Amino acid sequence: MIIEQGRDGKRGQFPIGLRVLAVDDDPTCLMLLEILLNHCQYHVTTTTQATTALKLLRENMFDLVITEVHMPDMDGFKLLQLVRLKMDLPVIMLSANASTEDVMKATTHGACDYLVKPVHIKELKNIWQHVIRRKMKGYYSMDLHTNLGHRQEMHQKFVAAVIKLGIDKALPSKILDLMNVEKLTIENVASHLQIYRPYLKKLSCMALQK
């Protein structure tokens with residue numbers, strides 16, 4: 001059992017109270033998402049605008065962000081990029097469109113998952129795992145020895161190497177050779193691969209279904 005300090009100073013069982021920011025320009029979809037997240041006993045904040053989401057993120061503490069990909073005021077990928085670079089929070093992309101282009105773009109930009117509408121409660125019950133992975137292993141553990149400003153570039157090189165090799169043949173040693181980054185170790189790559197392998201396999205299955 002994992003225990004965390006709550007907002008009220010009391011200690012409770014995690015992931016109850018997980019602080020989730022949900023962003024979707026479709027009010028109906030957002031309402032349904034909020035109902036499901038509340039059923040999981042998460043603490044949910046919602047907004048229909050990506051720009052408002054950024055304001056909320058600057059002014060409040062959140063554990064995870066779920067955002068629609070296609071929104072009128074700001075592209076969901078742009079929001080993902082800003083959150084990952086400036087706030088280092090796990091971000092889940094959400095869309096009715098599961099095109100290979102979109103899911104791979106989400107991966108290379110650092111999304112921790114990609115959910116296809118309609119979302120099922122079974123998927124939402126497991127989103128807390130992304131927060132635990134980040135806290136316990138370091139969401140960007142492969143970058144610890146590098147300048148923090150290069151996180152996005154490092155992750156993109158990692159994903160590109162995995163795609164080129166194929167998920168089933170993407171061994172840490174081969175990824176390391178393809179990335180060709182000075183001082184990067186096989187241990188760094190293996191740790192990052194452990195975090196991302198389930199997501200990469202999911203994306204591969206989604207692409208094959210198209």
# chains A, B, ... in the order shown; residues from 1 in each chain; ligands from 1

call {"tool": "residues_around", "arguments": {"residues": "Asp73 (chain A)", "least_positions_apart": "6", "cutoff": "8 Å", "atoms": "only C-alpha atoms", "output": "list of chain:residue names"}}
result
A:Gln49, A:Ala50, A:Thr51

call {"tool": "write_last_selection", "arguments": {"atoms": "all heavy atoms", "output": "short mmCIF file (atom, residue, chain, number, x, y, z; two decimals), in the first residue's frame"}}
result
data_model
loop_
_atom_site.label_atom_id
_atom_site.label_comp_id
_atom_site.auth_asym_id
_atom_site.auth_seq_id
_atom_site.Cartn_x
_atom_site.Cartn_y
_atom_site.Cartn_z
N GLN A 49 -10.85 24.88 -22.19
CA GLN A 49 -9.84 25.65 -22.93
C GLN A 49 -8.42 25.29 -22.48
O GLN A 49 -8.13 25.24 -21.28
CB GLN A 49 -10.06 27.14 -22.74
CG GLN A 49 -11.38 27.65 -23.31
CD GLN A 49 -11.50 29.16 -23.18
OE1 GLN A 49 -11.07 29.75 -22.20
NE2 GLN A 49 -12.08 29.79 -24.20
N ALA A 50 -7.55 25.09 -23.46
CA ALA A 50 -6.16 24.77 -23.16
C ALA A 50 -5.44 25.94 -22.49
O ALA A 50 -4.60 25.75 -21.61
CB ALA A 50 -5.43 24.36 -24.44
N THR A 51 -5.78 27.16 -22.90
CA THR A 51 -5.15 28.34 -22.30
C THR A 51 -5.52 28.46 -20.82
O THR A 51 -4.70 28.84 -19.99
CB THR A 51 -5.57 29.61 -23.05
OG1 THR A 51 -7.00 29.63 -23.20
CG2 THR A 51 -4.92 29.67 -24.43
#

call {"tool": "select_by_dssp", "arguments": {"residues": "region 57-155 of chain A", "states": "strand (DSSP E or B)", "output": "VMD selection string"}}
result
chain A and resid 64 to 68 91 to 95 113 to 116

call {"tool": "atom_distance", "arguments": {"atom1": "CA of Lys86 (chain A)", "atom2": "CA of Met61 (chain A)"}}
result
13.5 Å

call {"tool": "residues_around", "arguments": {"residues": "Tyr114 (chain A)", "least_positions_apart": "2", "cutoff": "7 Å", "atoms": "only C-alpha atoms", "output": "number ranges by chain"}}
result
A: 92-94, 103, 116

call {"tool": "write_last_selection", "arguments": {"atoms": "N, CA and C atoms", "output": "mmCIF file, in the first residue's frame"}}
result
data_model
loop_
_atom_site.group_PDB
_atom_site.id
_atom_site.type_symbol
_atom_site.label_atom_id
_atom_site.label_comp_id
_atom_site.auth_asym_id
_atom_site.auth_seq_id
_atom_site.Cartn_x
_atom_site.Cartn_y
_atom_site.Cartn_z
ATOM 1 N N ILE A 92 -1.666 12.601 -20.503
ATOM 2 C CA ILE A 92 -2.363 11.594 -21.299
ATOM 3 C C ILE A 92 -3.143 12.301 -22.388
ATOM 4 N N MET A 93 -2.946 11.880 -23.626
ATOM 5 C CA MET A 93 -3.670 12.459 -24.747
ATOM 6 C C MET A 93 -4.982 11.711 -24.956
ATOM 7 N N LEU A 94 -6.003 12.437 -25.416
ATOM 8 C CA LEU A 94 -7.343 11.885 -25.553
ATOM 9 C C LEU A 94 -7.940 12.339 -26.877
ATOM 10 N N VAL A 103 -0.826 9.199 -32.734
ATOM 11 C CA VAL A 103 -0.292 8.466 -31.585
ATOM 12 C C VAL A 103 1.229 8.514 -31.546
ATOM 13 N N VAL A 116 -8.419 6.476 -26.485
ATOM 14 C CA VAL A 116 -9.355 6.693 -27.587
ATOM 15 C C VAL A 116 -10.771 6.769 -27.037
#

call {"tool": "residues_around", "arguments": {"residues": "Ala161 (chain A)", "least_positions_apart": "5", "cutoff": "9 Å", "atoms": "only C-alpha atoms", "output": "list in words"}}
result
Gln156, Gly166, Ala170, Lys174, Ile175, Leu176, Asp177, Leu178 and Met179 of chain A

call {"tool": "select_by_dssp", "arguments": {"residues": "region 12-63 of chain A", "states": "alpha helix (DSSP H)", "output": "ChimeraX atom specification"}}
result
/A:27-39,50-59

call {"tool": "residues_around", "arguments": {"residues": "Arg58 (chain A)", "least_positions_apart": "5", "cutoff": "12 Å", "atoms": "only C-alpha atoms", "output": "ChimeraX atom specification"}}
result
/A:51-53,82-83,86-87

call {"tool": "closest_residue", "arguments": {"among": "A:His155, A:Arg19, A:His39, A:Lys105", "to": "Leu85 (chain A)", "atoms": "only C-alpha atoms"}}
result
A:His155

call {"tool": "atom_distance", "arguments": {"atom1": "CA of Val91 (chain A)", "atom2": "CA of Gly110 (chain A)"}}
result
7.8 Å

call {"tool": "atom_distance", "arguments": {"atom1": "CA of Pro118 (chain A)", "atom2": "CA of Asn97 (chain A)"}}
result
10.5 Å

call {"tool": "closest_residue", "arguments": {"among": "A:Asp24, A:Glu101, A:Glu182, A:Asp88", "to": "Val69 (chain A)", "atoms": "only C-alpha atoms"}}
result
A:Asp24

call {"tool": "residues_around", "arguments": {"residues": "Thr107 (chain A)", "least_positions_apart": "6", "cutoff": "8 Å", "atoms": "only C-alpha atoms", "output": "PyMOL selection string"}}
result
chain A and resi 113+159+200

call {"tool": "write_last_selection", "arguments": {"atoms": "C-alpha atoms", "output": "PDB file, in the first residue's frame"}}
result
ATOM      1  CA  ASP A 113      -0.514   7.363 -22.822  1.00  0.00           C
ATOM      2  CA  VAL A 159      11.536   6.920 -29.555  1.00  0.00           C
ATOM      3  CA  LEU A 200       4.946   1.646 -27.089  1.00  0.00           C
TER       4      LEU A 200
END

call {"tool": "closest_residue", "arguments": {"among": "A:Ser191, A:Thr185, A:Asn38, A:Gln129", "to": "Cys112 (chain A)", "atoms": "only C-alpha atoms"}}
result
A:Gln129

call {"tool": "closest_residue", "arguments": {"among": "A:Val162, A:Leu64, A:Ala22, A:Met154", "to": "Leu184 (chain A)", "atoms": "only C-alpha atoms"}}
result
A:Met154

call {"tool": "closest_residue", "arguments": {"among": "A:Ala111, A:Val119, A:Ala106, A:Ile127", "to": "Val20 (chain A)", "atoms": "only C-alpha atoms"}}
result
A:Ile127
